[in-house]
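*Asks:* Below you'll find upload_0.csv; it's CSV, C-alpha atoms and all ligand atoms.
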chain,number,residue,atom,x,y,z
M,847,MET,CA,-25.2,-47.8,68.6
M,848,GLY,CA,-28.5,-48.4,66.9
M,849,ARG,CA,-28.1,-50.2,63.6
M,850,ILE,CA,-31.1,-52.4,62.7
M,851,GLN,CA,-31.3,-54.8,59.9
M,852,LEU,CA,-34.4,-56.8,58.8
M,853,LYS,CA,-33.7,-59.8,56.6
M,854,GLN,CA,-36.6,-61.4,54.8
M,855,VAL,CA,-38.8,-60.6,57.8
M,856,GLN,CA,-42.4,-61.9,57.3
M,857,LYS,CA,-45.5,-61.7,59.5
M,858,LYS,CA,-48.6,-63.7,59.2
M,859,PHE,CA,-51.6,-63.5,61.6
M,860,GLY,CA,-53.1,-67.0,61.2
M,861,GLU,CA,-53.3,-67.5,57.4
M,862,THR,CA,-53.2,-63.8,56.6
M,863,GLU,CA,-49.9,-62.5,55.4
M,864,VAL,CA,-49.8,-59.0,56.7
M,865,ILE,CA,-46.1,-58.4,55.8
M,866,PRO,CA,-44.6,-60.4,52.9
M,867,PRO,CA,-40.8,-61.1,53.4
M,868,LEU,CA,-39.0,-57.8,53.3
M,869,ASP,CA,-35.5,-56.4,53.8
M,870,LEU,CA,-34.7,-53.1,55.5
M,871,GLU,CA,-31.6,-51.4,56.8
M,872,ILE,CA,-31.6,-48.7,59.4
M,873,GLU,CA,-28.3,-47.0,60.0
M,874,ASP,CA,-27.1,-45.9,63.5
M,875,GLY,CA,-28.4,-42.4,64.3
M,876,GLU,CA,-30.9,-42.2,61.5
M,877,PHE,CA,-34.4,-40.7,61.8
M,878,VAL,CA,-36.5,-43.2,59.9
M,879,VAL,CA,-40.2,-42.7,59.3
M,880,PHE,CA,-42.6,-45.6,58.3
M,881,VAL,CA,-45.5,-44.0,56.5
M,882,GLY,CA,-48.5,-45.4,54.7
M,883,PRO,CA,-52.3,-45.6,54.9
M,884,SER,CA,-54.1,-47.0,57.8
M,885,GLY,CA,-53.8,-50.8,58.0
M,886,CYS,CA,-50.7,-51.1,55.8
M,887,GLY,CA,-48.6,-52.7,58.5
M,888,LYS,CA,-46.7,-49.8,60.0
M,889,SER,CA,-47.4,-50.8,63.7
M,890,THR,CA,-46.9,-54.5,63.0
M,891,LEU,CA,-43.4,-53.8,61.5
M,892,LEU,CA,-42.5,-51.6,64.5
M,893,ARG,CA,-43.8,-54.2,66.9
M,894,LEU,CA,-41.7,-56.9,65.2
M,895,ILE,CA,-38.6,-54.7,65.7
M,896,ALA,CA,-39.6,-54.1,69.3
M,897,GLY,CA,-40.1,-57.8,69.9
M,898,LEU,CA,-43.8,-57.2,70.8
M,899,GLU,CA,-44.8,-59.5,67.9
M,900,ASP,CA,-43.0,-62.7,66.8
M,901,THR,CA,-41.7,-62.9,63.3
M,902,THR,CA,-43.2,-65.7,61.1
M,903,ALA,CA,-39.9,-65.9,59.2
M,904,GLY,CA,-36.7,-64.0,58.7
M,905,ASN,CA,-34.2,-62.3,61.0
M,906,ILE,CA,-33.8,-59.1,62.9
M,907,GLU,CA,-30.3,-57.9,63.7
M,908,ILE,CA,-29.6,-55.1,66.1
M,909,ASP,CA,-26.0,-53.8,66.0
M,910,GLY,CA,-24.9,-57.0,64.2
M,911,GLU,CA,-26.4,-59.4,66.8
M,912,ASP,CA,-29.3,-61.7,65.9
M,913,ALA,CA,-32.2,-60.3,68.1
M,914,THR,CA,-35.0,-62.3,66.4
M,915,ASP,CA,-35.7,-64.4,69.4
M,916,LEU,CA,-34.9,-61.9,72.1
M,917,PRO,CA,-37.7,-60.6,74.4
M,918,PRO,CA,-38.4,-56.9,74.2
M,919,ALA,CA,-36.6,-56.0,77.4
M,920,LYS,CA,-33.3,-57.5,76.0
M,921,ARG,CA,-33.3,-55.6,72.7
M,922,GLY,CA,-32.0,-52.3,74.1
M,923,LEU,CA,-34.8,-50.4,72.3
M,924,ALA,CA,-37.4,-48.1,73.8
M,925,MET,CA,-41.0,-47.8,72.6
M,926,VAL,CA,-42.6,-44.4,73.2
M,927,PHE,CA,-46.3,-44.7,73.8
M,928,GLN,CA,-48.9,-42.0,73.7
M,929,SER,CA,-49.0,-39.9,76.8
M,930,TYR,CA,-52.2,-41.5,78.1
M,931,ALA,CA,-50.0,-44.5,79.1
M,932,LEU,CA,-48.6,-42.4,82.0
M,933,TYR,CA,-49.6,-43.4,85.6
M,934,PRO,CA,-52.0,-40.6,86.8
M,935,HIS,CA,-51.3,-41.2,90.5
M,936,MET,CA,-47.5,-40.9,90.2
M,937,SER,CA,-45.4,-37.8,90.0
M,938,VAL,CA,-43.5,-37.0,86.8
M,939,ARG,CA,-40.3,-38.1,88.5
M,940,LYS,CA,-41.9,-41.4,89.5
M,941,ASN,CA,-43.3,-41.9,86.0
M,942,ILE,CA,-39.9,-41.3,84.4
M,943,ALA,CA,-38.2,-43.5,87.0
M,944,PHE,CA,-40.6,-46.4,86.6
M,945,PRO,CA,-38.6,-48.5,84.0
M,946,MET,CA,-35.4,-48.0,86.0
M,947,LYS,CA,-37.1,-49.0,89.2
M,948,MET,CA,-38.3,-52.2,87.5
M,949,ALA,CA,-34.8,-52.8,86.4
M,950,LYS,CA,-33.6,-52.3,90.0
M,951,MET,CA,-31.1,-49.7,88.9
M,952,PRO,CA,-29.1,-48.0,91.8
M,953,GLU,CA,-30.9,-44.9,93.2
M,954,ASP,CA,-28.1,-42.4,92.4
M,955,GLU,CA,-27.9,-43.6,88.8
M,956,GLN,CA,-31.7,-43.3,88.5
M,957,LYS,CA,-31.4,-39.7,89.9
M,958,ARG,CA,-28.7,-38.8,87.4
M,959,ARG,CA,-30.7,-40.1,84.4
M,960,ILE,CA,-34.0,-38.4,85.5
M,961,GLU,CA,-32.2,-35.1,85.8
M,962,SER,CA,-30.5,-35.5,82.5
M,963,ALA,CA,-33.8,-36.5,80.7
M,964,ALA,CA,-35.7,-33.6,82.4
M,965,LYS,CA,-33.1,-31.2,81.2
M,966,ALA,CA,-33.2,-32.5,77.6
M,967,LEU,CA,-37.0,-32.2,77.7
M,968,ASN,CA,-37.4,-28.9,79.6
M,969,LEU,CA,-39.2,-30.8,82.4
M,970,THR,CA,-37.0,-29.8,85.3
M,971,ASP,CA,-39.6,-27.6,87.0
M,972,TYR,CA,-42.4,-30.2,86.6
M,973,LEU,CA,-40.8,-33.3,88.2
M,974,ASP,CA,-43.1,-33.1,91.3
M,975,ARG,CA,-46.3,-32.6,89.5
M,976,LYS,CA,-48.8,-35.3,88.5
M,977,PRO,CA,-49.7,-35.9,84.9
M,978,GLY,CA,-53.1,-34.3,85.4
M,979,GLN,CA,-51.4,-31.0,86.3
M,980,LEU,CA,-49.5,-30.9,82.9
M,981,SER,CA,-50.4,-29.7,79.4
M,982,GLY,CA,-50.8,-32.3,76.6
M,983,GLY,CA,-47.3,-31.4,75.3
M,984,GLN,CA,-45.7,-31.8,78.7
M,985,ARG,CA,-47.4,-35.1,79.2
M,986,GLN,CA,-46.0,-36.3,75.9
M,987,ARG,CA,-42.5,-35.2,76.9
M,988,VAL,CA,-42.8,-37.2,80.1
M,989,ALA,CA,-43.7,-40.3,78.0
M,990,ILE,CA,-40.6,-39.6,76.0
M,991,GLY,CA,-38.6,-39.1,79.2
M,992,ARG,CA,-39.5,-42.6,80.3
M,993,ALA,CA,-37.9,-43.9,77.2
M,994,ILE,CA,-34.8,-41.7,77.4
M,995,VAL,CA,-33.7,-42.9,80.9
M,996,ARG,CA,-33.3,-46.4,79.5
M,997,GLU,CA,-30.6,-45.0,77.2
M,998,PRO,CA,-31.8,-47.2,74.3
M,999,ALA,CA,-30.0,-48.0,71.1
M,1000,ALA,CA,-33.1,-46.7,69.3
M,1001,PHE,CA,-36.4,-45.1,70.1
M,1002,LEU,CA,-39.6,-46.5,68.5
M,1003,PHE,CA,-42.5,-44.1,68.2
M,1004,ASP,CA,-46.0,-45.3,67.0
M,1005,GLU,CA,-48.1,-42.3,66.1
M,1006,PRO,CA,-47.2,-40.6,69.4
M,1007,LEU,CA,-48.9,-37.3,68.5
M,1008,SER,CA,-52.2,-38.6,67.1
M,1009,ASN,CA,-54.2,-37.6,70.1
M,1010,LEU,CA,-52.8,-34.1,70.4
M,1011,ASP,CA,-54.4,-31.1,68.7
M,1012,ALA,CA,-52.8,-29.6,65.5
M,1013,ALA,CA,-50.9,-26.8,67.2
M,1014,LEU,CA,-49.4,-29.1,69.8
M,1015,ARG,CA,-48.4,-31.6,67.2
M,1016,VAL,CA,-46.3,-29.0,65.4
M,1017,GLY,CA,-44.5,-28.2,68.6
M,1018,MET,CA,-44.0,-31.8,69.5
M,1019,ARG,CA,-42.5,-32.6,66.1
M,1020,MET,CA,-39.9,-29.9,66.7
M,1021,GLU,CA,-39.3,-31.2,70.3
M,1022,ILE,CA,-38.7,-34.7,68.9
M,1023,GLY,CA,-36.5,-33.3,66.1
M,1024,GLU,CA,-34.4,-31.3,68.6
M,1025,LEU,CA,-34.1,-34.4,70.8
M,1026,HIS,CA,-32.8,-36.4,67.9
M,1027,LYS,CA,-30.2,-33.8,67.2
M,1028,LYS,CA,-29.1,-33.8,70.9
M,1029,LEU,CA,-29.0,-37.5,71.4
M,1030,GLU,CA,-28.0,-38.6,67.9
M,1031,THR,CA,-29.8,-41.9,68.6
M,1032,THR,CA,-31.7,-43.9,66.0
M,1033,MET,CA,-35.3,-43.1,65.9
M,1034,ILE,CA,-38.1,-45.0,64.1
M,1035,TYR,CA,-41.3,-43.1,63.8
M,1036,VAL,CA,-44.6,-44.4,62.5
M,1037,THR,CA,-47.2,-42.1,61.1
M,1038,HIS,CA,-49.9,-42.1,58.5
M,1039,ASP,CA,-49.3,-38.3,58.0
M,1040,GLN,CA,-47.2,-37.5,55.0
M,1041,VAL,CA,-46.4,-34.0,56.2
M,1042,GLU,CA,-45.0,-35.4,59.4
M,1043,ALA,CA,-43.0,-37.9,57.4
M,1044,MET,CA,-41.6,-35.3,55.0
M,1045,THR,CA,-40.7,-32.8,57.7
M,1046,MET,CA,-39.1,-35.2,60.2
M,1047,ALA,CA,-37.4,-38.0,58.3
M,1048,ASP,CA,-33.8,-38.5,57.2
M,1049,LYS,CA,-35.2,-41.6,55.5
M,1050,ILE,CA,-38.8,-42.5,54.6
M,1051,VAL,CA,-40.1,-46.0,54.2
M,1052,VAL,CA,-43.3,-46.0,52.2
M,1053,LEU,CA,-45.5,-49.0,52.9
M,1054,GLN,CA,-48.6,-50.3,51.1
M,1055,ALA,CA,-50.3,-53.5,52.1
M,1056,GLY,CA,-47.1,-54.7,54.0
M,1057,VAL,CA,-44.9,-54.0,51.0
M,1058,ILE,CA,-42.1,-51.4,50.9
M,1059,GLU,CA,-42.9,-49.3,47.9
M,1060,GLN,CA,-39.9,-47.1,48.2
M,1061,VAL,CA,-37.1,-46.1,50.7
M,1062,GLY,CA,-35.4,-42.7,50.3
M,1063,SER,CA,-34.9,-39.2,51.7
M,1064,PRO,CA,-37.9,-36.9,51.6
M,1065,LEU,CA,-36.4,-35.0,48.6
M,1066,GLU,CA,-35.7,-38.3,46.7
M,1067,LEU,CA,-39.2,-39.4,47.2
M,1068,TYR,CA,-40.6,-36.1,46.1
M,1069,ARG,CA,-38.4,-35.8,43.0
M,1070,THR,CA,-38.3,-39.4,41.9
M,1071,PRO,CA,-41.2,-41.3,43.2
M,1072,ARG,CA,-40.9,-44.9,42.0
M,1073,ASN,CA,-44.6,-45.3,41.2
M,1074,LYS,CA,-48.0,-43.6,41.2
M,1075,PHE,CA,-48.8,-44.8,44.8
M,1076,VAL,CA,-45.7,-43.1,46.2
M,1077,ALA,CA,-46.2,-40.0,44.1
M,1078,GLY,CA,-49.8,-39.7,45.2
M,1079,PHE,CA,-49.1,-40.4,48.8
M,1080,ILE,CA,-46.1,-38.0,49.1
M,1081,GLY,CA,-48.0,-35.3,47.1
M,1082,SER,CA,-45.3,-35.2,44.4
M,1083,PRO,CA,-46.3,-33.4,41.2
M,1084,LYS,CA,-45.2,-36.4,39.0
E,1,LIG,P1,-51.1,-49.7,60.6
E,1,LIG,O1,-50.4,-49.5,61.8
E,1,LIG,O2,-50.3,-49.4,59.3
E,1,LIG,O3,-52.4,-49.0,60.6
E,1,LIG,P2,-51.3,-52.5,61.5
E,1,LIG,O4,-49.9,-52.9,61.5
E,1,LIG,O5,-51.9,-52.1,62.7
E,1,LIG,O6,-51.4,-51.3,60.4
E,1,LIG,O7,-52.1,-53.6,60.8
E,1,LIG,C1,-51.8,-54.2,59.6
E,1,LIG,C2,-52.8,-55.3,59.2
E,1,LIG,O8,-52.6,-56.4,60.2
E,1,LIG,C3,-54.2,-54.9,59.3
E,1,LIG,O9,-55.0,-55.5,58.3
E,1,LIG,C4,-54.7,-55.4,60.7
E,1,LIG,O10,-56.0,-55.6,60.7
E,1,LIG,C5,-53.8,-56.6,60.8
E,1,LIG,N1,-53.5,-56.9,62.2
E,1,LIG,C6,-52.8,-56.2,63.1
E,1,LIG,N2,-52.7,-56.8,64.3
E,1,LIG,C7,-53.3,-57.9,64.2
E,1,LIG,C8,-53.6,-59.0,65.1
E,1,LIG,N3,-53.1,-59.0,66.4
E,1,LIG,N4,-54.3,-60.1,64.7
E,1,LIG,C9,-54.8,-60.1,63.4
E,1,LIG,N5,-54.6,-59.1,62.5
E,1,LIG,C10,-53.9,-58.1,62.9
E,2,MG,MG,-50.8,-48.4,63.5
Please express the file's structure as structure tokens.
Ligand code: ADP
Ligand code: MG
*Replies:*
Amino acid sequence: MGRIQLKQVQKKFGETEVIPPLDLEIEDGEFVVFVGPSGCGKSTLLRLIAGLEDTTAGNIEIDGEDATDLPPAKRGLAMVFQSYALYPHMSVRKNIAFPMKMAKMPEDEQKRRIESAAKALNLTDYLDRKPGQLSGGQRQRVAIGRAIVREPAAFLFDEPLSNLDAALRVGMRMEIGELHKKLETTMIYVTHDQVEAMTMADKIVVLQAGVIEQVGSPLELYRTPRNKFVAGFIGSPK
């Protein structure tokens, strides 16, 4: 399960209101993209959902349970960081196992999950290598593997491809899309790149200055942008 509901969620840093109270519903299994220009609050919104930031007001429900005050580890969500967050001295296997080791999961269950994640990500032949012996795309897949083994209710991605070159980014978008099809797990993906949003999303959330300008499928946003900002950002002819 991975249904996430935000109810009048607000975020202030000191006196500055970065996110005025907003409502948002994410259905189980959806691929949702938060898109908008730099500084519009995409990362903050994702971090609020992850529990890495406290809400100033409002409630976050995960699968119908109030998660507003739960610490990140208790929310059942997995944040996928950029691949540079890997441990360079550890093998791929150990990097992927790390969150399970921290959770003191039984060894045989760890092994089962590592093998299943490696298979899903085509990393089976690379488990004994170190990150330095992998390509950029393979490293990013290891970072995703580390999230998969937690079997989360949802994956949260914050611009995971922004330090990859253009060709690799295209490949990784397809990898992530394929993974979403295989796992059918909710994914929330943050990007400032409208092409990424339009090609990957079931549902796009367009943000400007912490305000949701529009929520809809890529085609809905393209055909019926609600205002000039959405039209301009999405590249709609209207
Ligand atoms: P985005 O990810 O869309 O680029 P962010 O969510 O990182 O935007 O930032 C939204 C706004 O909140 C920006 O104006 C940023 O400067 C501000 N902000 C983010 N984190 C903090 C923080 N820890 N303290 C103060 N202001 C912050
Ligand atoms: Mg950001």
*Asks:* Could you list, as a list in words, all the residues within 6 Å of ligand LIG 1 (chain E), counting all atoms listed in the file?
*Replies:*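 Listing the residues within 6 Å of ligand LIG 1 (chain E) gives Phe859, Val864, Ser884, Gly885, Cys886, Gly887, Lys888, Ser889 and Thr890 of chain M.
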*Asks:* Kindly save the residues from that selection, with C-alpha atoms included, as a CSV table (one decimal), keeping the file's coordinate frame.
*Replies:*
chain,number,residue,atom,x,y,z
M,859,PHE,CA,-51.6,-63.5,61.6
M,864,VAL,CA,-49.8,-59.0,56.7
M,884,SER,CA,-54.1,-47.0,57.8
M,885,GLY,CA,-53.8,-50.8,58.0
M,886,CYS,CA,-50.7,-51.1,55.8
M,887,GLY,CA,-48.6,-52.7,58.5
M,888,LYS,CA,-46.7,-49.8,60.0
M,889,SER,CA,-47.4,-50.8,63.7
M,890,THR,CA,-46.9,-54.5,63.0
*Asks:* Which residues are close to range 1014-1024 of chain M, i.e. within 9 Å by only C-alpha atoms, leaving aside same-chain residues fewer than 4 positions away? Reply as a CSV table (one decimal) with C-alpha atoms, in the coordinates of the input.
*Replies:*
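As a result, part-v8.csv now contains:
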chain,number,residue,atom,x,y,z
M,877,PHE,CA,-34.4,-40.7,61.8
M,967,LEU,CA,-37.0,-32.2,77.7
M,982,GLY,CA,-50.8,-32.3,76.6
M,983,GLY,CA,-47.3,-31.4,75.3
M,986,GLN,CA,-46.0,-36.3,75.9
M,987,ARG,CA,-42.5,-35.2,76.9
M,990,ILE,CA,-40.6,-39.6,76.0
M,1007,LEU,CA,-48.9,-37.3,68.5
M,1008,SER,CA,-52.2,-38.6,67.1
M,1009,ASN,CA,-54.2,-37.6,70.1
M,1010,LEU,CA,-52.8,-34.1,70.4
M,1028,LYS,CA,-29.1,-33.8,70.9
M,1029,LEU,CA,-29.0,-37.5,71.4
M,1042,GLU,CA,-45.0,-35.4,59.4
M,1045,THR,CA,-40.7,-32.8,57.7
M,1046,MET,CA,-39.1,-35.2,60.2
*Asks:* Let me make sure I understand: among M:Val1036, M:Leu969, M:Ala896, M:Val1052, which one has the smallest atom-to-atom distance to Pro917 in chain M if we use all atoms listed in the file?
*Replies:* M:Ala896
*Asks:* For Gly922 in chain M, work out the shell of residues within 8 Å, counting only C-alpha atoms and skipping chain neighbours fewer than 3 positions away, then give it as a list in words.
*Replies:*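 Contacts, with the query itself left out: Pro918, Ala919, Pro998, Ala999 and Ala1000 of chain M.
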*Asks:* Set the distance at 7 Å and use only C-alpha atoms: which residues neighbour Asn905 in chain M once local chain neighbours fewer than 6 positions away are removed? I'd like the list as a PyMOL selection string.
*Replies:* chain M and resi 852-855+912+914
*Asks:* Rounded to one decimal place, report the CA of Glu961 in chain M-CA of Arg849 in chain M distance in Å.
*Replies:*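 Separation between CA of Glu961 in chain M and CA of Arg849 in chain M: 27.2 Å.
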*Asks:* So, counting all atoms listed in the file, which residue among M:Pro1006, M:Pro945, M:Gly991, M:Gly860 is closest to Ala966 in chain M?
*Replies:*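 Going through M:Pro1006, M:Pro945, M:Gly991, M:Gly860 one by one, the smallest distance to Ala966 in chain M is for M:Gly991.
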*Asks:* Tell me, as a short mmCIF file (atom, residue, chain, number, x, y, z; two decimals) with C-alpha atoms, in the frame of the given file, which residues lie within 7 Å of range 971-980 of chain M, counting all atoms listed in the file; anything in the same chain fewer than 5 positions away does not count.
*Replies:*
data_model
loop_
_atom_site.label_atom_id
_atom_site.label_comp_id
_atom_site.auth_asym_id
_atom_site.auth_seq_id
_atom_site.Cartn_x
_atom_site.Cartn_y
_atom_site.Cartn_z
CA PRO M 934 -52.00 -40.60 86.80
CA HIS M 935 -51.30 -41.20 90.50
CA MET M 936 -47.50 -40.90 90.20
CA SER M 937 -45.40 -37.80 90.00
CA VAL M 938 -43.50 -37.00 86.80
CA ARG M 939 -40.30 -38.10 88.50
CA ARG M 985 -47.40 -35.10 79.20
#
*Asks:* Using all atoms listed in the file for the distances, tell me which of M:Met946, M:Tyr1068, M:Gly1062, M:Ala903 is nearest to Leu868 in chain M.
*Replies:*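 For Leu868 in chain M, the nearest of the candidates is M:Ala903.
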*Asks:* In Å, how far is it from CA of Ala1043 in chain M to CA of Val881 in chain M?
*Replies:* 6.7 Å
*Asks:* Which residue is closest to ligand MG 2 (chain E)? Choose from M:Thr1037, M:Thr862, M:Thr901, M:Gln984 and count all atoms listed in the file.
*Replies:* M:Thr1037
*Asks:* Using Å and a single decimal, report how far CA of Phe1001 in chain M sits from CA of Ile850 in chain M.
*Replies:*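 Here the two named atoms are 11.7 Å from each other.
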*Asks:* Could you check which of M:Asp874, M:Asp1039, M:Glu1059, M:Asp909 is closest to ligand MG 2 (chain E), using only C-alpha atoms and all ligand atoms?
*Replies:* M:Asp1039
*Asks:* When you look at Phe944 in chain M with a cut-off of 10 Å (counting all atoms listed in the file), what residues show up, excluding the ones that are within fewer than 6 positions of it in the same chain? I need them as an NGL selection string.
*Replies:* :M and (933 or 936 or 938 or 950 or 956 or 992 or 995)
*Asks:* Just checking: using only C-alpha atoms and all ligand atoms, which residue out of M:Pro867, M:Leu891, M:Ser1063, M:Thr970 ends up closest to ligand MG 2 (chain E)?
*Replies:*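 Ranked by minimum distance to ligand MG 2 (chain E), first place goes to M:Leu891.
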